[in-house]
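Trainee: Provided herewith: protein11.cif, mmCIF, C-alpha atoms.
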```
data_my_file
loop_
_atom_site.label_atom_id
_atom_site.label_comp_id
_atom_site.auth_asym_id
_atom_site.auth_seq_id
_atom_site.Cartn_x
_atom_site.Cartn_y
_atom_site.Cartn_z
CA MET A 1 0.00 0.00 0.00
CA GLN A 2 2.83 2.31 0.91
CA SER A 3 4.58 1.88 -2.44
CA ARG A 4 1.27 2.23 -4.31
CA ASN A 5 0.68 5.62 -2.73
CA LEU A 6 4.23 6.62 -3.59
CA ASN A 7 3.78 5.61 -7.22
CA LEU A 8 0.47 7.45 -7.36
CA ALA A 9 2.03 10.64 -6.01
CA VAL A 10 5.02 10.46 -8.36
CA GLY A 11 2.77 9.69 -11.30
CA ALA A 12 0.53 12.64 -10.49
CA PHE A 13 3.58 14.91 -10.22
CA VAL A 14 4.98 13.82 -13.59
CA LEU A 15 1.54 14.11 -15.19
CA LEU A 16 1.19 17.64 -13.81
CA GLY A 17 4.55 18.59 -15.30
CA LEU A 18 3.64 17.14 -18.69
CA LEU A 19 0.28 18.94 -18.61
CA ALA A 20 2.15 22.19 -17.99
CA LEU A 21 4.34 21.43 -21.01
CA LEU A 22 1.22 20.75 -23.09
CA PHE A 23 -0.23 24.07 -21.94
CA MET A 24 3.00 25.81 -22.95
CA ALA A 25 2.96 24.09 -26.34
CA LEU A 26 -0.66 24.70 -27.30
CA GLN A 27 -1.69 27.89 -25.53
CA VAL A 28 1.48 29.87 -24.92
CA SER A 29 3.60 29.07 -27.98
CA ASN A 30 2.81 28.88 -31.66
CA LEU A 31 2.65 25.07 -31.93
CA GLY A 32 -1.13 25.10 -31.68
CA THR A 33 -1.60 27.88 -34.22
CA ARG A 34 0.86 26.56 -36.76
CA GLY A 35 -0.99 25.63 -39.92
CA PRO A 36 -0.98 22.27 -41.66
CA GLY A 37 2.38 20.98 -42.78
CA SER A 38 1.81 21.15 -46.53
CA THR A 39 3.05 24.38 -48.03
CA TYR A 40 4.32 25.67 -51.36
CA GLU A 41 7.10 28.15 -51.90
CA LEU A 42 6.89 31.52 -53.62
CA LYS A 43 9.62 34.05 -54.37
CA ALA A 44 9.43 37.82 -54.34
CA TYR A 45 12.06 40.51 -54.97
CA PHE A 46 11.86 43.74 -52.99
CA ASP A 47 13.92 46.91 -53.31
CA ASN A 48 13.80 47.35 -49.54
CA ILE A 49 12.37 44.99 -46.97
CA GLY A 50 12.57 47.40 -44.03
CA GLY A 51 12.37 45.41 -40.80
CA LEU A 52 10.94 42.19 -42.23
CA LYS A 53 12.28 39.10 -40.48
CA PRO A 54 12.13 35.37 -41.14
CA ARG A 55 8.93 33.78 -39.75
CA ALA A 56 7.02 37.03 -40.29
CA ALA A 57 3.39 36.54 -41.29
CA VAL A 58 2.10 36.69 -44.86
CA ARG A 59 -1.45 38.02 -44.85
CA SER A 60 -4.16 38.52 -47.38
CA ALA A 61 -7.26 40.45 -46.28
CA GLY A 62 -5.76 40.31 -42.79
CA VAL A 63 -5.75 36.50 -42.64
CA VAL A 64 -2.43 34.70 -42.21
CA VAL A 65 -1.92 32.63 -45.37
CA GLY A 66 1.79 31.88 -45.06
CA ARG A 67 5.12 32.66 -43.42
CA VAL A 68 8.37 34.21 -44.58
CA ARG A 69 10.90 31.39 -44.61
CA GLN A 70 14.12 33.04 -45.66
CA ILE A 71 15.48 36.43 -46.68
CA GLN A 72 18.55 36.69 -48.90
CA PHE A 73 20.40 39.44 -50.70
CA ASP A 74 20.62 38.95 -54.46
CA ASP A 75 23.97 40.45 -55.51
CA GLN A 76 23.06 40.30 -59.22
CA GLN A 77 20.01 42.53 -58.98
CA TYR A 78 20.93 44.25 -55.69
CA GLN A 79 17.54 43.41 -54.31
CA ALA A 80 16.24 41.41 -51.38
CA LEU A 81 14.94 37.94 -52.24
CA VAL A 82 12.18 36.83 -49.88
CA LEU A 83 11.19 33.15 -49.86
CA ILE A 84 7.64 32.56 -48.66
CA ASP A 85 6.01 29.35 -47.47
CA MET A 86 2.37 29.55 -48.52
CA ASP A 87 -0.37 27.48 -46.94
CA ALA A 88 -1.32 24.89 -49.57
CA ARG A 89 -5.02 25.47 -48.89
CA TYR A 90 -4.86 28.92 -50.49
CA GLN A 91 -4.18 29.61 -54.18
CA PHE A 92 -3.50 33.07 -55.56
CA PRO A 93 -3.75 34.42 -59.15
CA LYS A 94 -0.58 34.97 -61.17
CA ASP A 95 -0.85 38.78 -61.06
CA THR A 96 -0.99 38.96 -57.26
CA SER A 97 0.99 41.83 -55.80
CA ALA A 98 2.99 41.80 -52.58
CA LYS A 99 3.59 44.73 -50.24
CA ILE A 100 5.57 45.02 -47.04
CA LEU A 101 3.29 46.52 -44.42
CA THR A 102 3.48 47.30 -40.72
CA SER A 103 0.92 46.15 -38.19
CA GLY A 104 0.06 49.15 -36.07
CA LEU A 105 2.31 52.15 -35.56
CA LEU A 106 5.23 50.31 -33.98
CA GLY A 107 4.31 46.73 -34.82
CA ASP A 108 6.08 44.04 -36.79
CA ASN A 109 6.49 44.08 -40.55
CA TYR A 110 4.52 41.57 -42.56
CA VAL A 111 3.94 40.77 -46.21
CA GLY A 112 0.51 41.71 -47.54
CA LEU A 113 -0.79 39.93 -50.65
CA GLU A 114 -3.38 41.52 -52.91
CA PRO A 115 -4.88 39.06 -55.41
CA GLY A 116 -5.24 40.16 -59.03
CA GLY A 117 -7.69 38.98 -61.65
CA ASP A 118 -5.69 36.41 -63.59
CA THR A 119 -7.32 33.05 -64.22
CA GLU A 120 -4.01 31.21 -63.86
CA MET A 121 -2.80 30.49 -60.35
CA LEU A 122 0.68 30.84 -58.85
CA LYS A 123 2.46 27.50 -58.64
CA ALA A 124 5.27 26.35 -56.38
CA ALA A 125 8.58 28.21 -56.91
CA ASP A 126 6.83 30.93 -58.91
CA ARG A 127 7.80 34.54 -58.51
CA ILE A 128 5.47 37.33 -57.44
CA ARG A 129 6.14 40.01 -60.11
CA MET A 130 4.56 43.09 -58.59
CA THR A 131 6.09 44.12 -55.30
CA GLN A 132 6.12 47.26 -53.23
CA SER A 133 8.89 48.00 -50.74
CA ALA A 134 8.57 48.79 -47.11
CA VAL A 135 7.98 52.41 -46.26
CA VAL A 136 11.12 53.81 -44.68
CA LEU A 137 10.20 56.60 -42.31
CA GLU A 138 13.26 58.76 -43.12
CA ASN A 139 12.50 58.68 -46.86
CA LEU A 140 8.89 59.56 -46.17
CA ILE A 141 9.86 62.56 -44.06
CA SER A 142 12.44 63.82 -46.56
CA GLN A 143 9.90 63.42 -49.38
CA PHE A 144 7.35 65.36 -47.39
CA LEU A 145 9.79 68.16 -46.62
CA TYR A 146 10.90 68.29 -50.27
CA ASN A 147 7.29 68.59 -51.43
CA LYS A 148 6.64 71.31 -48.90
CA ALA A 149 9.63 73.26 -50.10
CA THR A 150 8.73 73.04 -53.80
CA GLU A 151 5.04 73.96 -53.34
CA PRO A 152 4.76 77.61 -52.32
CA SER A 153 1.09 77.64 -53.36
CA SER A 154 0.04 75.18 -50.66
CA SER A 155 0.74 77.67 -47.87
CA ALA A 156 -1.02 80.40 -49.81
CA SER A 157 -4.09 78.26 -50.39
CA SER A 158 -4.28 77.30 -46.73
CA GLY A 159 -3.92 80.98 -45.86
CA ARG A 160 -6.94 81.86 -48.01
CA LYS A 161 -9.10 79.42 -46.10
CA MET B 1 57.14 38.39 1.81
CA ALA B 2 53.52 39.54 1.84
CA VAL B 3 53.50 39.53 -1.97
CA LEU B 4 54.74 35.95 -2.03
CA THR B 5 52.02 34.92 0.41
CA ALA B 6 49.38 36.58 -1.77
CA VAL B 7 50.68 34.83 -4.90
CA ALA B 8 50.71 31.54 -3.03
CA ALA B 9 47.13 32.11 -1.90
CA LEU B 10 46.11 32.78 -5.49
CA GLY B 11 47.85 29.62 -6.60
CA GLN B 12 46.16 27.60 -3.88
CA ALA B 13 42.75 28.97 -4.87
CA CYS B 14 43.37 28.01 -8.51
CA VAL B 15 44.51 24.50 -7.60
CA LYS B 16 41.46 24.12 -5.35
CA LEU B 17 39.15 25.26 -8.17
CA VAL B 18 40.65 22.78 -10.62
CA GLN B 19 40.46 20.03 -8.00
CA ASP B 20 36.80 20.80 -7.31
CA LEU B 21 35.95 20.82 -11.02
CA GLY B 22 37.80 17.56 -11.43
CA SER B 23 36.02 15.82 -8.57
CA PHE B 24 32.71 17.23 -9.89
CA ALA B 25 33.37 15.69 -13.31
CA LEU B 26 34.62 12.40 -11.82
CA LEU B 27 31.58 11.98 -9.59
CA LEU B 28 29.25 12.83 -12.50
CA LEU B 29 31.09 10.34 -14.67
CA GLY B 30 30.91 7.73 -11.90
CA ILE B 31 27.13 8.15 -11.63
CA LEU B 32 26.62 8.08 -15.39
CA ARG B 33 28.78 4.95 -15.70
CA ARG B 34 26.59 3.18 -13.14
CA SER B 35 23.37 4.27 -14.89
CA ALA B 36 22.42 0.72 -15.86
CA ALA B 37 22.73 -0.49 -12.28
CA ILE B 38 20.83 2.57 -10.97
CA TRP B 39 17.92 2.19 -13.39
CA ARG B 40 17.59 -1.48 -12.45
CA ARG B 41 15.95 -0.20 -9.23
CA PRO B 42 13.42 2.37 -10.50
CA ARG B 43 11.65 2.32 -7.13
CA LEU B 44 14.57 4.13 -5.53
CA ILE B 45 14.43 6.82 -8.23
CA ALA B 46 10.65 7.17 -7.84
CA ALA B 47 11.10 7.67 -4.10
CA GLN B 48 13.59 10.46 -4.81
CA VAL B 49 11.32 12.10 -7.39
CA HIS B 50 8.65 12.08 -4.70
CA PHE B 51 11.01 13.51 -2.09
CA LEU B 52 12.60 16.15 -4.37
CA GLY B 53 9.71 16.90 -6.71
CA ASN B 54 6.38 16.44 -4.95
CA HIS B 55 7.57 18.13 -1.79
CA SER B 56 8.88 21.14 -3.78
CA LEU B 57 5.56 21.52 -5.59
CA ALA B 58 3.98 23.95 -3.13
CA ILE B 59 6.87 26.44 -3.06
CA ILE B 60 7.31 26.29 -6.85
CA VAL B 61 3.61 26.87 -7.59
CA VAL B 62 3.24 29.70 -5.08
CA ALA B 63 6.47 31.38 -6.21
CA GLY B 64 5.49 31.02 -9.88
CA LEU B 65 2.09 32.53 -9.25
CA PHE B 66 3.52 35.55 -7.47
CA VAL B 67 6.28 36.10 -10.04
CA GLY B 68 3.60 36.03 -12.75
CA LEU B 69 1.41 38.47 -10.83
CA VAL B 70 4.29 40.93 -10.34
CA LEU B 71 5.40 40.60 -13.97
CA GLY B 72 1.85 41.32 -15.08
CA LEU B 73 1.59 44.45 -12.93
CA GLN B 74 5.02 45.85 -13.76
CA GLY B 75 4.78 44.97 -17.43
CA TYR B 76 1.40 46.67 -17.66
CA TYR B 77 2.66 49.91 -16.13
CA THR B 78 5.54 50.11 -18.62
CA LEU B 79 3.64 48.94 -21.69
CA ARG B 80 0.76 51.34 -21.04
CA ARG B 81 3.13 54.26 -21.68
CA TYR B 82 3.53 53.08 -25.26
CA GLY B 83 -0.09 52.13 -25.73
CA SER B 84 0.72 48.47 -26.29
CA GLU B 85 -0.91 46.75 -23.32
CA GLU B 86 -1.85 43.87 -25.63
CA ALA B 87 1.80 42.80 -25.67
CA LEU B 88 1.55 42.04 -21.94
CA GLY B 89 0.97 38.34 -22.60
CA LEU B 90 4.03 38.15 -24.82
CA LEU B 91 6.21 39.94 -22.27
CA VAL B 92 5.11 37.74 -19.37
CA ALA B 93 5.39 34.49 -21.35
CA LEU B 94 8.80 35.20 -22.90
CA ALA B 95 10.31 36.37 -19.61
CA LEU B 96 9.03 33.28 -17.81
CA VAL B 97 9.74 30.66 -20.45
CA ARG B 98 13.22 31.85 -21.35
CA GLU B 99 14.69 33.05 -18.07
CA LEU B 100 12.64 33.28 -14.91
CA GLY B 101 11.03 29.84 -15.00
CA PRO B 102 14.24 27.79 -15.27
CA VAL B 103 16.38 30.09 -13.11
CA ILE B 104 14.06 30.78 -10.18
CA SER B 105 12.85 27.20 -9.97
CA ALA B 106 16.48 26.00 -9.95
CA LEU B 107 17.35 28.51 -7.20
CA LEU B 108 14.34 27.43 -5.14
CA PHE B 109 15.22 23.79 -5.77
CA ALA B 110 18.76 24.39 -4.51
CA GLY B 111 17.37 25.90 -1.32
CA ARG B 112 14.50 23.53 -0.78
CA ALA B 113 15.84 20.17 -2.00
CA GLY B 114 19.59 20.57 -2.52
CA THR B 115 20.20 21.37 1.13
CA SER B 116 18.31 18.31 2.31
CA LEU B 117 20.30 16.13 -0.09
CA THR B 118 23.59 17.49 1.23
CA ALA B 119 22.56 17.19 4.87
CA GLU B 120 21.25 13.66 4.39
CA ILE B 121 24.36 12.37 2.65
CA GLY B 122 26.68 14.31 4.95
CA LEU B 123 25.04 12.77 8.01
CA MET B 124 25.14 9.32 6.39
CA LYS B 125 28.86 9.85 6.01
CA ALA B 126 29.27 11.22 9.54
CA GLY B 127 27.38 8.21 10.89
CA GLU B 128 29.64 5.93 8.80
CA GLN B 129 26.63 4.50 7.00
CA LEU B 130 28.34 4.95 3.65
CA ALA B 131 31.38 3.08 4.95
CA ALA B 132 29.06 0.33 6.24
CA LEU B 133 27.47 0.00 2.81
CA GLU B 134 30.91 -0.38 1.26
CA THR B 135 31.80 -3.03 3.80
CA MET B 136 28.71 -4.98 2.67
CA ALA B 137 29.95 -4.67 -0.94
CA VAL B 138 27.14 -2.24 -1.80
CA ASP B 139 28.36 0.60 -3.98
CA PRO B 140 27.24 3.84 -2.25
CA ILE B 141 27.45 5.80 -5.51
CA ALA B 142 25.03 3.44 -7.24
CA ARG B 143 22.78 2.86 -4.22
CA VAL B 144 22.70 6.30 -2.54
CA LEU B 145 23.92 9.01 -4.93
CA GLY B 146 22.62 7.66 -8.25
CA PRO B 147 18.87 7.58 -7.50
CA ARG B 148 19.07 11.08 -5.99
CA PHE B 149 20.86 12.40 -9.07
CA TYR B 150 18.29 10.98 -11.48
CA GLY B 151 15.44 12.04 -9.20
CA GLY B 152 16.68 15.63 -9.38
CA LEU B 153 17.23 15.36 -13.12
CA ILE B 154 13.59 14.33 -13.62
CA ALA B 155 12.10 16.71 -11.06
CA VAL B 156 13.76 20.03 -12.00
CA PRO B 157 12.53 20.38 -15.64
CA LEU B 158 9.01 19.40 -14.57
CA LEU B 159 9.09 21.96 -11.75
CA ALA B 160 10.44 24.67 -14.08
CA THR B 161 7.72 24.02 -16.67
CA LEU B 162 5.08 24.14 -13.94
CA PHE B 163 6.58 27.39 -12.66
CA SER B 164 6.32 28.98 -16.12
CA ALA B 165 2.78 27.72 -16.69
CA VAL B 166 1.55 28.97 -13.31
CA GLY B 167 3.38 32.26 -13.88
CA VAL B 168 1.62 32.79 -17.22
CA LEU B 169 -1.69 32.15 -15.46
CA GLY B 170 -0.66 34.72 -12.82
CA GLY B 171 0.07 37.27 -15.54
CA TRP B 172 -3.30 36.48 -17.10
CA LEU B 173 -4.99 36.94 -13.72
CA VAL B 174 -3.54 40.42 -13.26
CA GLY B 175 -3.65 41.53 -16.89
CA VAL B 176 -6.96 40.19 -18.11
CA VAL B 177 -9.08 39.59 -15.02
CA LEU B 178 -7.98 42.49 -12.80
CA ILE B 179 -6.85 45.23 -15.21
CA GLY B 180 -8.95 44.31 -18.20
CA VAL B 181 -6.52 43.79 -21.09
CA ASP B 182 -8.33 42.24 -24.04
CA PRO B 183 -8.05 38.45 -23.56
CA GLY B 184 -7.95 37.71 -27.29
CA ALA B 185 -5.00 40.06 -27.85
CA PHE B 186 -3.30 38.78 -24.69
CA TRP B 187 -3.26 35.16 -25.86
CA SER B 188 -2.79 35.75 -29.58
CA GLN B 189 0.19 38.09 -29.10
CA MET B 190 1.65 35.51 -26.76
CA SER B 191 1.27 32.56 -29.10
CA GLY B 192 2.37 34.71 -32.04
CA GLY B 193 5.64 35.67 -30.39
CA VAL B 194 6.63 32.56 -28.44
CA ASP B 195 8.12 29.78 -30.52
CA PHE B 196 7.73 26.25 -29.19
CA TRP B 197 11.16 24.98 -30.24
CA ASP B 198 13.19 28.18 -29.86
CA ASP B 199 11.68 29.33 -26.57
CA VAL B 200 9.82 26.57 -24.72
CA VAL B 201 12.14 23.67 -25.57
CA ASN B 202 15.25 25.81 -24.97
CA GLY B 203 13.82 26.71 -21.57
CA VAL B 204 13.35 23.01 -20.76
CA ILE B 205 16.93 22.28 -21.89
CA LYS B 206 18.12 25.10 -19.64
CA SER B 207 16.31 23.66 -16.62
CA LEU B 208 17.71 20.21 -17.43
CA VAL B 209 21.25 21.63 -17.27
CA PHE B 210 20.40 23.47 -14.03
CA GLY B 211 18.96 20.24 -12.62
CA VAL B 212 22.20 18.37 -13.31
CA ALA B 213 24.29 21.22 -11.85
CA VAL B 214 22.29 21.80 -8.67
CA THR B 215 21.70 18.13 -7.83
CA GLN B 216 25.29 17.22 -8.59
CA ILE B 217 26.68 20.09 -6.49
CA ALA B 218 24.44 19.06 -3.58
CA LEU B 219 25.56 15.43 -3.84
CA MET B 220 29.22 16.37 -4.15
CA GLN B 221 29.09 18.68 -1.12
CA GLY B 222 27.43 15.97 0.96
CA TYR B 223 29.73 13.21 -0.25
CA GLY B 224 32.85 15.31 0.29
CA ALA B 225 31.78 16.84 3.62
CA ARG B 226 33.98 16.42 6.67
CA PRO B 227 32.19 13.88 8.87
CA THR B 228 31.58 16.32 11.73
CA PRO B 229 28.59 18.53 12.62
CA GLU B 230 30.54 21.59 11.46
CA GLY B 231 31.52 19.86 8.26
CA VAL B 232 27.89 19.02 7.40
CA ALA B 233 26.76 22.56 8.27
CA ARG B 234 29.47 24.03 6.05
CA ALA B 235 28.62 21.67 3.20
CA THR B 236 24.92 22.60 3.39
CA THR B 237 25.76 26.29 3.20
CA LEU B 238 28.11 25.71 0.28
CA THR B 239 25.39 23.80 -1.58
CA VAL B 240 23.16 26.87 -1.62
CA VAL B 241 25.97 29.35 -2.37
CA VAL B 242 27.78 27.35 -5.04
CA GLY B 243 24.55 25.96 -6.51
CA SER B 244 22.94 29.40 -6.86
CA LEU B 245 26.07 30.95 -8.37
CA ALA B 246 26.42 28.02 -10.77
CA VAL B 247 22.80 28.43 -11.91
CA LEU B 248 23.22 32.15 -12.53
CA GLY B 249 26.56 31.71 -14.30
CA LEU B 250 25.31 28.85 -16.44
CA ASP B 251 22.19 30.85 -17.28
CA PHE B 252 24.30 33.63 -18.77
CA VAL B 253 26.31 31.16 -20.86
CA LEU B 254 23.21 29.29 -22.03
CA THR B 255 21.32 32.48 -22.85
CA ALA B 256 24.27 33.74 -24.90
CA LEU B 257 24.39 30.43 -26.77
CA MET B 258 20.64 30.03 -27.31
CA PHE B 259 19.32 33.55 -27.79
CA GLY B 260 22.55 35.41 -28.54
CA GLU B 261 21.78 36.18 -32.15
CA LEU B 262 18.27 37.52 -31.49
#
```
Before anything else, please render the file you have as structure tokens.

Mentor:
Amino acid sequence: MQSRNLNLAVGAFVLLGLLALLFMALQVSNLGTRGPGSTYELKAYFDNIGGLKPRAAVRSAGVVVGRVRQIQFDDQQYQALVLIDMDARYQFPKDTSAKILTSGLLGDNYVGLEPGGDTEMLKAADRIRMTQSAVVLENLISQFLYNKATEPSSSASSGRK
Amino acid sequence: MAVLTAVAALGQACVKLVQDLGSFALLLLGILRRSAAIWRRPRLIAAQVHFLGNHSLAIIVVAGLFVGLVLGLQGYYTLRRYGSEEALGLLVALALVRELGPVISALLFAGRAGTSLTAEIGLMKAGEQLAALETMAVDPIARVLGPRFYGGLIAVPLLATLFSAVGVLGGWLVGVVLIGVDPGAFWSQMSGGVDFWDDVVNGVIKSLVFGVAVTQIALMQGYGARPTPEGVARATTLTVVVGSLAVLGLDFVLTALMFGEL
């Protein structure tokens, strides 16, 4: 009886620990939210990827449809090559365009896909032709200041109102 | 003359350090070499898991809960300044899974269970029970030290995982239930930012290393203690001091290796 109680207590302890691990795996980490294993790969060239990192989300209409697998620098074209693992459940037309967007004001970068109207679908290892780079804040500010400086009429028009 | 004495003291300290590391490795090797004989008596290991693990459960769960509660409160106050309270779940979970869970549970384990291991083995030695075992041709390393080592090895990762899980629930309690952070954002940011293999499994590996270090230090201090009341008292103190420092030092090395490039 003594040893049975001991085994029961030890078993309960180990079970509790494994349950905690299960909780960590499914609720706390991304193991539970990771999509099905079957994916297909797409390529996209960007002039500037900003702060995009491997494992960043690929979204279309706000829904996660894939993940960034790898980011390389192409020294022939001097562009960034982004390899994307797409969820095999979702197919996109050939003239889909890809943008690098930011979630929220200070959030992570992600790749946004906007489907086109082509009847043919993108296949594995295809390249997304139309891409738009990440918005770099410094460029945006300098552009804004440049526009301000070259448009003297804008201040006059606002003065009239 | 004083300079010579100082240099000699330095030399002695170095020799002592190398000797300690050597006896640490030899004892570890001795236990690992007898693994087959130790695992032939799983009942002894189960008894040690019960003694080291089950009896540490209360302190680990309570400490984990309070660490999670404090993390939730402090994290909320800082994150609110930047308007990103939703990241509270991510902050609490990453801090617990990567660092606080393994480290604090190993420190508590050293204080709660390591000391009792050292005192037990030290008193066995003082009472010449270990010598008696050897006289009866029973190997004390296989019969006494081995099951305790494997008991600690099994118990510490389980305790650390429990600590992290309870801590996350504590953070949830403060963040979502008390303060009112959106529960959907709390959990989705958490699961979006915590990777199972990179974060959770690395945390478990960390606690496994800490388990080996703390248990082994406790056993070595007890086994090497002078067989007097003062000797056992000194060994018990050293278990906590050396064990805690080893955990903190190892944590820095492991963090640099695991998360260094992030």

Trainee: For chain A against chain B, which residues fall within 6 Å using only C-alpha atoms, given as a PDB file with C-alpha atoms, in the frame of the given file?

Mentor:
```pdb
ATOM      1  CA  VAL A  10       5.020  10.460  -8.360  1.00  0.00           C
ATOM      2  CA  GLY A  17       4.550  18.590 -15.300  1.00  0.00           C
ATOM      3  CA  ALA A  20       2.150  22.190 -17.990  1.00  0.00           C
ATOM      4  CA  ALA A  25       2.960  24.090 -26.340  1.00  0.00           C
ATOM      5  CA  VAL A  28       1.480  29.870 -24.920  1.00  0.00           C
ATOM      6  CA  SER A  29       3.600  29.070 -27.980  1.00  0.00           C
ATOM      7  CA  ASN A  30       2.810  28.880 -31.660  1.00  0.00           C
ATOM      8  CA  LEU A  31       2.650  25.070 -31.930  1.00  0.00           C
TER       9      LEU A  31
END
```

Trainee: Can you give me, as an MDAnalysis selection string, the residues this file yields under the PyMOL selection byres ((chain A and resi 130) around 9)?

Mentor: chainID A and resid 44:45 95:99 128:129 131:132

Trainee: Give me the residues within 7 Å of Gln91 of chain A as a list of chain:residue names, counting all atoms listed in the file and dropping any in the same chain fewer than 2 places off.

Mentor: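 With the cut-off at 7 Å, the set is A:Arg89, A:Pro93, A:Met121, A:Leu122.
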
Trainee: Could you spell out the hits of the PyMOL selection byres ((chain A and resi 109-112) around 10) on the shown file, as a PyMOL selection string?

Mentor: chain A and resi 49-68+82+84+97-104+106-108+113-115+131-134

Trainee: Next, write the just-selected residues to a file, as a CSV table (one decimal), keeping the file's coordinate frame, keeping C-alpha atoms as the atom set.

Mentor:
```
chain,number,residue,atom,x,y,z
A,49,ILE,CA,12.4,45.0,-47.0
A,50,GLY,CA,12.6,47.4,-44.0
A,51,GLY,CA,12.4,45.4,-40.8
A,52,LEU,CA,10.9,42.2,-42.2
A,53,LYS,CA,12.3,39.1,-40.5
A,54,PRO,CA,12.1,35.4,-41.1
A,55,ARG,CA,8.9,33.8,-39.8
A,56,ALA,CA,7.0,37.0,-40.3
A,57,ALA,CA,3.4,36.5,-41.3
A,58,VAL,CA,2.1,36.7,-44.9
A,59,ARG,CA,-1.4,38.0,-44.8
A,60,SER,CA,-4.2,38.5,-47.4
A,61,ALA,CA,-7.3,40.4,-46.3
A,62,GLY,CA,-5.8,40.3,-42.8
A,63,VAL,CA,-5.8,36.5,-42.6
A,64,VAL,CA,-2.4,34.7,-42.2
A,65,VAL,CA,-1.9,32.6,-45.4
A,66,GLY,CA,1.8,31.9,-45.1
A,67,ARG,CA,5.1,32.7,-43.4
A,68,VAL,CA,8.4,34.2,-44.6
A,82,VAL,CA,12.2,36.8,-49.9
A,84,ILE,CA,7.6,32.6,-48.7
A,97,SER,CA,1.0,41.8,-55.8
A,98,ALA,CA,3.0,41.8,-52.6
A,99,LYS,CA,3.6,44.7,-50.2
A,100,ILE,CA,5.6,45.0,-47.0
A,101,LEU,CA,3.3,46.5,-44.4
A,102,THR,CA,3.5,47.3,-40.7
A,103,SER,CA,0.9,46.2,-38.2
A,104,GLY,CA,0.1,49.2,-36.1
A,106,LEU,CA,5.2,50.3,-34.0
A,107,GLY,CA,4.3,46.7,-34.8
A,108,ASP,CA,6.1,44.0,-36.8
A,113,LEU,CA,-0.8,39.9,-50.6
A,114,GLU,CA,-3.4,41.5,-52.9
A,115,PRO,CA,-4.9,39.1,-55.4
A,131,THR,CA,6.1,44.1,-55.3
A,132,GLN,CA,6.1,47.3,-53.2
A,133,SER,CA,8.9,48.0,-50.7
A,134,ALA,CA,8.6,48.8,-47.1
```

Trainee: Would you kindly translate the PyMOL selection byres ((chain B and resi 74) around 12) into the concrete residues it picks from this file, as a PyMOL selection string?

Mentor: chain B and resi 67-73+75-81+85+88+91-92+171+174-175+179

Trainee: For atom CA of Glu41 of chain A and atom CA of Tyr90 of chain A, quote the distance in Å rounded to one decimal.

Mentor: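 Spanning atom CA of Glu41 of chain A to atom CA of Tyr90 of chain A is a straight-line distance of 12.1 Å.
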
Trainee: Kindly give the distance, in Å, that separates atom CA of Tyr150 of chain B and atom CA of Leu208 of chain B, rounded to a single decimal.

Mentor: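 Atom CA of Leu208 of chain B lies 11.0 Å from atom CA of Tyr150 of chain B.
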
Trainee: Take atom CA of Arg41 of chain B and atom CA of Gly146 of chain B and report the distance between them in Å, one decimal.

Mentor: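 Pair atom CA of Arg41 of chain B / atom CA of Gly146 of chain B returns 10.4 Å.
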
Trainee: Just the residues within 12 Å of Ala25 of chain B, please, counting all atoms listed in the file, with nothing from its chain fewer than 5 positions along; format it as a VMD selection string.

Mentor: chain B and resid 18 to 20 30 to 33 212 to 213 216 to 217 220

Trainee: Pull the neighbourhood of (24.9, 30.7, -17.4) for me: all residues within 12 Å in file coordinates, counting all atoms listed in the file, as a ChimeraX atom specification.

Mentor: /B:99,102-103,206-207,209-210,213,243-258

Trainee: Could you check which of B:Gly224, B:Val144, B:Leu107, B:Phe149 is closest to Val241 of chain B, using only C-alpha atoms?

Mentor: B:Leu107

Trainee: Using only C-alpha atoms, can you tell me which of B:Ala218, B:Leu145, B:Arg234, B:Pro227 comes closest to Ser35 of chain B?

Mentor: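 The answer is B:Leu145, which sits nearest to Ser35 of chain B.
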
Trainee: Can you rebuild segment 232-239 of chain B with N, CA and C atoms and give it as a PDB file, keeping the file's coordinate frame?

Mentor:
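Final output, saved to part_24.pdb:
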```pdb
ATOM      1  N   VAL B 232      29.192  19.138   8.081  1.00  0.00           N
ATOM      2  CA  VAL B 232      27.890  19.020   7.400  1.00  0.00           C
ATOM      3  C   VAL B 232      27.238  20.389   7.272  1.00  0.00           C
ATOM      4  N   ALA B 233      27.345  21.218   8.325  1.00  0.00           N
ATOM      5  CA  ALA B 233      26.760  22.560   8.270  1.00  0.00           C
ATOM      6  C   ALA B 233      27.406  23.371   7.166  1.00  0.00           C
ATOM      7  N   ARG B 234      28.733  23.287   7.069  1.00  0.00           N
ATOM      8  CA  ARG B 234      29.470  24.030   6.050  1.00  0.00           C
ATOM      9  C   ARG B 234      29.075  23.549   4.659  1.00  0.00           C
ATOM     10  N   ALA B 235      28.970  22.234   4.503  1.00  0.00           N
ATOM     11  CA  ALA B 235      28.620  21.670   3.200  1.00  0.00           C
ATOM     12  C   ALA B 235      27.235  22.130   2.770  1.00  0.00           C
ATOM     13  N   THR B 236      26.283  22.175   3.728  1.00  0.00           N
ATOM     14  CA  THR B 236      24.920  22.600   3.390  1.00  0.00           C
ATOM     15  C   THR B 236      24.898  24.044   2.924  1.00  0.00           C
ATOM     16  N   THR B 237      25.682  24.900   3.628  1.00  0.00           N
ATOM     17  CA  THR B 237      25.760  26.290   3.200  1.00  0.00           C
ATOM     18  C   THR B 237      26.353  26.392   1.803  1.00  0.00           C
ATOM     19  N   LEU B 238      27.435  25.644   1.580  1.00  0.00           N
ATOM     20  CA  LEU B 238      28.110  25.710   0.280  1.00  0.00           C
ATOM     21  C   LEU B 238      27.188  25.245  -0.841  1.00  0.00           C
ATOM     22  N   THR B 239      26.315  24.270  -0.550  1.00  0.00           N
ATOM     23  CA  THR B 239      25.390  23.800  -1.580  1.00  0.00           C
ATOM     24  C   THR B 239      24.559  24.961  -2.114  1.00  0.00           C
TER      25      THR B 239
END
```
